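*Asks:* I have a structure I would like to understand better, so I am pasting it below and will then ask my questions one at a time.
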Amino acid sequence: ELHELSFDHDEALVIGGAVTLSSLEHFLEKAVSERPREAMRGLRAMLDMLRWFASGQIRNVAVLAGNIATASPISDLNPVLMALGATLVLGSAGDVLREVPVRDFFKSYRVVDMRPEEVICSVRVPAPVGPYQFVRSFKQAKRRDDDISIVNACLCVRLEPRSSGWHVTEMHTGYGGMAPTTKAAPSVEAAFADSAWGKEAVEAAQAAGAKDLP
């Protein structure tokens, strides 16, 4: 089970706790080449970030679950998982499995919602909702290759076509390097909610972002 890497019956991506980053990278490359483009936008954002994640040698042995559990505030993948609404399945010997949203997992610097005896059994990334969900990940570092982030982010927006134009139905965010933990920006998300997609909405969200990311 810890090596599971597949899409479940709900088309969510399930990544076992012992799946290496290289295995995940190769799986995503195959999936985005074979599946409909609109179904792969979120996973493409994950793949884009994976390509700049450390070196090939490290990706061959490092696992996604370990990167999450170490709770680095500049982790490259945690903002993507947060924006995509991913959840973590935690378990220990003799206990019932429990599921925790990535958004709620990071409590403070290097402190997570995980008991000492627990491990991350799997990571579940839900399938996109509708054809108009768009996702983009960002990373700023001193070097292009093999360097830790200064800041990073992932934005996931769901649009809806209306007679007056495109409207935002949902916005989800994840930021790294802006706080002691990977952090969402709820004020930005609220500023976009049910607004017309355009310059005014973006400017309002930028102003709101100062509340969450001073």
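By convention in this document, the chains of the structure tokens carry letters A, B, ... by their order, each chain's residues are numbered from 1, and ligands are numbered from 1 in the order they are shown.
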Val100 in chain A: which residues within 12 Å, counting only C-alpha atoms, same-chain residues fewer than 3 positions away excluded, as a list in words?

*Replies:*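 The residues that qualify are Met82, Gly85, Ala86, Thr87, Leu88, Val89, Leu90, Gly91, Leu97, Arg103, Asp104, Phe105, Phe106, Val112, Asp113, Met114, Ile120, Cys121, Ser122, Val123 and Arg124 of chain A.
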
*Asks:* Let's have the selection written as a PDB file, in the first residue's frame, with N, CA and C atoms.

*Replies:*
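Here's the written file result-v8.pdb:
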```pdb
ATOM      1  N   MET A  82      -1.484  21.962  -1.364  1.00  0.00           N
ATOM      2  CA  MET A  82      -2.458  22.773  -0.629  1.00  0.00           C
ATOM      3  C   MET A  82      -3.483  23.385  -1.577  1.00  0.00           C
ATOM      4  N   GLY A  85      -6.104  21.023  -2.916  1.00  0.00           N
ATOM      5  CA  GLY A  85      -7.036  20.413  -1.960  1.00  0.00           C
ATOM      6  C   GLY A  85      -6.661  18.997  -1.577  1.00  0.00           C
ATOM      7  N   ALA A  86      -5.373  18.677  -1.593  1.00  0.00           N
ATOM      8  CA  ALA A  86      -4.917  17.327  -1.264  1.00  0.00           C
ATOM      9  C   ALA A  86      -5.134  17.021   0.214  1.00  0.00           C
ATOM     10  N   THR A  87      -5.259  15.730   0.509  1.00  0.00           N
ATOM     11  CA  THR A  87      -5.393  15.271   1.888  1.00  0.00           C
ATOM     12  C   THR A  87      -4.345  14.206   2.164  1.00  0.00           C
ATOM     13  N   LEU A  88      -4.024  14.034   3.446  1.00  0.00           N
ATOM     14  CA  LEU A  88      -3.048  13.041   3.881  1.00  0.00           C
ATOM     15  C   LEU A  88      -3.759  11.967   4.694  1.00  0.00           C
ATOM     16  N   VAL A  89      -3.473  10.714   4.383  1.00  0.00           N
ATOM     17  CA  VAL A  89      -4.000   9.602   5.176  1.00  0.00           C
ATOM     18  C   VAL A  89      -2.916   9.188   6.158  1.00  0.00           C
ATOM     19  N   LEU A  90      -3.202   9.358   7.451  1.00  0.00           N
ATOM     20  CA  LEU A  90      -2.241   9.069   8.516  1.00  0.00           C
ATOM     21  C   LEU A  90      -2.651   7.806   9.252  1.00  0.00           C
ATOM     22  N   GLY A  91      -1.671   7.026   9.672  1.00  0.00           N
ATOM     23  CA  GLY A  91      -2.000   5.805  10.394  1.00  0.00           C
ATOM     24  C   GLY A  91      -0.848   5.324  11.254  1.00  0.00           C
ATOM     25  N   LEU A  97      -7.239   4.610  10.491  1.00  0.00           N
ATOM     26  CA  LEU A  97      -6.655   5.652   9.642  1.00  0.00           C
ATOM     27  C   LEU A  97      -7.450   6.940   9.777  1.00  0.00           C
ATOM     28  N   ARG A 103      -4.050  21.586   3.898  1.00  0.00           N
ATOM     29  CA  ARG A 103      -4.285  22.976   4.329  1.00  0.00           C
ATOM     30  C   ARG A 103      -4.263  23.111   5.848  1.00  0.00           C
ATOM     31  N   ASP A 104      -4.620  22.032   6.575  1.00  0.00           N
ATOM     32  CA  ASP A 104      -4.679  22.074   8.044  1.00  0.00           C
ATOM     33  C   ASP A 104      -3.519  21.343   8.706  1.00  0.00           C
ATOM     34  N   PHE A 105      -2.610  20.810   7.925  1.00  0.00           N
ATOM     35  CA  PHE A 105      -1.576  19.921   8.459  1.00  0.00           C
ATOM     36  C   PHE A 105      -0.440  20.666   9.149  1.00  0.00           C
ATOM     37  N   PHE A 106      -0.087  21.836   8.644  1.00  0.00           N
ATOM     38  CA  PHE A 106       1.062  22.580   9.170  1.00  0.00           C
ATOM     39  C   PHE A 106       0.607  23.541  10.269  1.00  0.00           C
ATOM     40  N   VAL A 112       3.564  19.696  12.865  1.00  0.00           N
ATOM     41  CA  VAL A 112       2.463  19.245  12.015  1.00  0.00           C
ATOM     42  C   VAL A 112       1.425  18.485  12.831  1.00  0.00           C
ATOM     43  N   ASP A 113       0.262  18.297  12.236  1.00  0.00           N
ATOM     44  CA  ASP A 113      -0.833  17.555  12.874  1.00  0.00           C
ATOM     45  C   ASP A 113      -0.606  16.058  12.674  1.00  0.00           C
ATOM     46  N   MET A 114       0.355  15.533  13.434  1.00  0.00           N
ATOM     47  CA  MET A 114       0.754  14.140  13.258  1.00  0.00           C
ATOM     48  C   MET A 114       1.301  13.628  14.581  1.00  0.00           C
ATOM     49  N   ILE A 120       2.711   8.911   7.297  1.00  0.00           N
ATOM     50  CA  ILE A 120       1.846   9.285   6.184  1.00  0.00           C
ATOM     51  C   ILE A 120       1.716   8.055   5.288  1.00  0.00           C
ATOM     52  N   CYS A 121       0.542   7.456   5.294  1.00  0.00           N
ATOM     53  CA  CYS A 121       0.313   6.244   4.503  1.00  0.00           C
ATOM     54  C   CYS A 121       0.136   6.577   3.026  1.00  0.00           C
ATOM     55  N   SER A 122      -0.542   7.683   2.751  1.00  0.00           N
ATOM     56  CA  SER A 122      -0.745   8.075   1.353  1.00  0.00           C
ATOM     57  C   SER A 122      -1.140   9.539   1.275  1.00  0.00           C
ATOM     58  N   VAL A 123      -0.987  10.072   0.085  1.00  0.00           N
ATOM     59  CA  VAL A 123      -1.412  11.435  -0.243  1.00  0.00           C
ATOM     60  C   VAL A 123      -2.474  11.310  -1.321  1.00  0.00           C
ATOM     61  N   ARG A 124      -3.585  11.989  -1.146  1.00  0.00           N
ATOM     62  CA  ARG A 124      -4.687  11.905  -2.119  1.00  0.00           C
ATOM     63  C   ARG A 124      -4.933  13.281  -2.717  1.00  0.00           C
TER      64      ARG A 124
END
```

*Asks:* Near range 65-74 of chain A, within 9 Å and counting only C-alpha atoms, which residues show up once chain neighbours fewer than 2 positions away are dropped, as a PyMOL selection string?

*Replies:* chain A and resi 15-20+62-63+76-79+88+102+106+108-112+114+119-123+148-152+175-183

*Asks:* Can you work out the spacing between CA of Ala185 in chain A and CA of Leu213 in chain A in Å, to one decimal?

*Replies:*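 Interatomic distance here is 7.2 Å.
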
*Asks:* With DSSP run on the backbone, what are the strand (DSSP E or B) residues within range 117-169 of chain A? I'd like them as a PyMOL selection string.

*Replies:* chain A and resi 119-125+133-140+151-162+165-169

*Asks:* Enumerate, in order of chain and increasing residue number, the residues of range 75-148 of chain A with an atom no farther than 7 Å from range 40-60 of chain A, each with its shortest atom pair and distance in Å to one decimal, counting only C-alpha atoms, as CSV.

*Replies:*
```
residue,atom,partner,partner_atom,distance
A:Asp76,CA,A:Met49,CA,6.5
A:Leu77,CA,A:Met49,CA,6.7
A:Val80,CA,A:Met46,CA,6.2
A:Leu84,CA,A:Gly42,CA,6.7
A:Phe134,CA,A:Arg41,CA,6.2
A:Val135,CA,A:Gly42,CA,5.4
A:Arg136,CA,A:Ala45,CA,5.5
A:Ser137,CA,A:Ala45,CA,5.4
A:Asp145,CA,A:Trp52,CA,6.0
A:Asp146,CA,A:Ala54,CA,4.6
A:Asp147,CA,A:Ala54,CA,6.4
```

*Asks:* Just checking: using only C-alpha atoms, which residue out of A:Ala127, A:Ala83, A:Leu64, A:Ala153 ends up closest to Ala12 in chain A?

*Replies:*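 Of all the options, A:Ala127 lies closest to Ala12 in chain A.
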
*Asks:* Would you please give, as a PyMOL selection string, all residues of range 24-116 of chain A that DSSP assigns to helix (DSSP H, G or I) based on the backbone?

*Replies:* chain A and resi 24-34+37-39+41-50+56-61+64-70+78-83+102-105
